[in-house]
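J.: One structure, pasted below without further comment.
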Amino acid sequence: MLAPPDLLRVVHSVFIDRETLLHDYVPAKLPHRERELKRLKHYFEPVISGEAASVKVHLVGGVGTGKTLLCRKVGGIVARESGGRVKFAYVNLAYAHRPYHAMAEVHRQVLGVPAAGLSPEEMLRNILDYLVAEDASLLVALDEVDAYIAEGRSQRILYMLPRAYELEPKAAGRISLIYASRSLDWLKRLDEATLDTIGRTSAIHLSAYGFEQVRDIVAYRAELAFKPGALDEELIDFVAQISMPYGGVRYALELLLEAGTLADYEGSKSVRAGHVRSAHASIPKGANGALCPEELSLHKQALLKAIYDALNAYGSAYLPVEEAYSLYKVVCEQLNVEPEGEEEARAHIEALSRDGYIMLRAGAIAVEYPYERTLQIIERLLKKAKIYEPKP
Ligand SMILES: Nc1ncnc2c1ncn2[C@@H]1O[C@H](COP(=O)(O)OP(=O)(O)OP(=O)(O)O)[C@@H](O)[C@H]1O
Ligand SMILES: [Mg+2]
């Protein structure tokens, strides 16, 4: 039997569809990005209409400007409007820390099966054989390519995909790419051959959303998520205003989800200002708004899990960095992932501190917020992340 609060939650939910507030949901409309979406789609018209064309586009914009959403949206449109002839693969390079993982992700998304034990070239060969046999094309969105390059990862993936025709001449004109990044500075770090391959690529720049735009987007997302009348008009402004210093739309969506959940928990028929205030107070904030562990690389997630687990186990405020590193190696072992070297791990720890996930002082790590919820999210993500390591 359901406990009373759960029963209330089911009967009186303020939500029609809370999933529409989740970070990877792709809504039907993109208010204030229609023009950019149209432009992006326009570049891929030749691909949609079946021409042999390798189109490459940069999508550039600051934190939370809708790059990931636009990638997914345009990928869905191109696949649909081509009648399924164009396949779409989305790869977040923050997770794919080697060309192997990035290519395995493309392999899985295109062929529907994992590619355990194959080399990146063998995987690409499989993909190309499939595209040629089916007379199909492929659009790959490489998201967070700047973070990947900044971490000094292998540039081979950037070289292999656009030059696939060298592996299989019949595949010429079948692979198109979107490179999503926060700025184009990563191009400066490329070696000459890779830079040459990316070539003169068109770029779409996304400007930061202002208050009015955040407000409109929040209003639209709230309309999808809440029952009519469950969220007062005034609260849209309130949520948008609170969210501006914390990263805008992303924080606003988190706030709506949390406020709605609180309202449901209390059995309230609508979300009230008090729910928004409590939700705002309870969400841990990082340098770029709400902490969003979904968007951290696999190694940063593994480090955080090690840190949270250790702080839980010791019940202490501080954890020495060396200890965090040893425990992180254990987490990696459980994940079947090769751990990063100590220097790289330290760089990740510093980045986590800059982003507000942890505090660093005199070689020790502390966490200033209640982290149970963040730990749960990370455990779920790590469980989902399937790591296919190449066989030695
Ligand atoms: N125009 C829009 N309409 C509806 N939702 C939007 C719009 N722009 C952004 N969002 C939402 O805001 C959040 C942030 O957008 P997104 O993740 O695409 O940003 P990003 O540019 O990829 O940021 P980052 O650089 O941090 O990865 C997402 O939840 C997304 O669904
Ligand atoms: Mg993104």
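We name chains A, B, ... following the order of the structure tokens; residues begin at 1 in each chain, and ligands are numbered from 1 as shown.
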Step by step, measure atom-to-atom distances between ligand 1 and each residue using only C-alpha atoms and all ligand atoms, keep those at most 9 Å, then write them as a ChimeraX atom specification.

T.: /A:20-34,60-72,143-144,180-182,206,209,213-214,216-218,220-221,247-254,288,292,295

J.: Please return, as a PyMOL selection string, all residues of segment 39-284 of chain A that DSSP assigns to helix (DSSP H, G or I) on the basis of the backbone.

T.: chain A and resi 39-43+45-48+67-81+99-111+120-134+145-150+156-160+164-167+169-171+184-189+192-198+211-225+233-246+249-266+273-282

J.: For atom CA of Gly229 of chain A and atom CA of Phe15 of chain A, quote the distance in Å rounded to one decimal.

T.: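 Going from atom CA of Gly229 of chain A over to atom CA of Phe15 of chain A covers 10.6 Å.
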
J.: Which residue gives the smallest distance to Ala102 of chain A among A:Ser137, A:Leu296, A:Ala203, A:Val145, with only C-alpha atoms counted?

T.: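 So, comparing all the options, the nearest one is A:Val145.
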
J.: Using only C-alpha atoms and all ligand atoms, which of A:Glu19, A:Glu294, A:Glu344, A:Glu45 sits nearest ligand 2?

T.: A:Glu294

J.: What does the structure give for the distance between atom CA of Gly76 of chain A and atom CA of Leu128 of chain A, in Å to one decimal?

T.: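 Distance between the two atoms: 20.6 Å.
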
J.: What residues in segment 58-92 of chain A get the DSSP label strand (DSSP E or B)? Please answer as a list of chain:residue names.

T.: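 Strand (DSSP E or B) assignments inside segment 58-92 of chain A correspond to A:His58, A:Leu59, A:Val60, A:Gly61, A:Val86, A:Lys87, A:Phe88, A:Ala89, A:Tyr90, A:Val91, A:Asn92.
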
J.: Store the residues picked out above, limited to C-alpha atoms, as a compact mmCIF listing (two decimals), in the first residue's frame.

T.:
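Writing done, so here's out-v1.txt:
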# COMPACT_ATOMS: atom_id res chain seq x y z
CA HIS A 58 30.42 24.72 -35.94
CA LEU A 59 27.84 25.52 -33.30
CA VAL A 60 29.35 27.96 -30.84
CA GLY A 61 27.89 29.50 -27.70
CA VAL A 86 20.23 10.04 -42.98
CA LYS A 87 21.19 8.48 -39.65
CA PHE A 88 21.97 10.74 -36.74
CA ALA A 89 24.47 10.06 -33.97
CA TYR A 90 25.02 12.33 -30.99
CA VAL A 91 28.31 11.98 -29.12
CA ASN A 92 29.21 13.97 -26.05
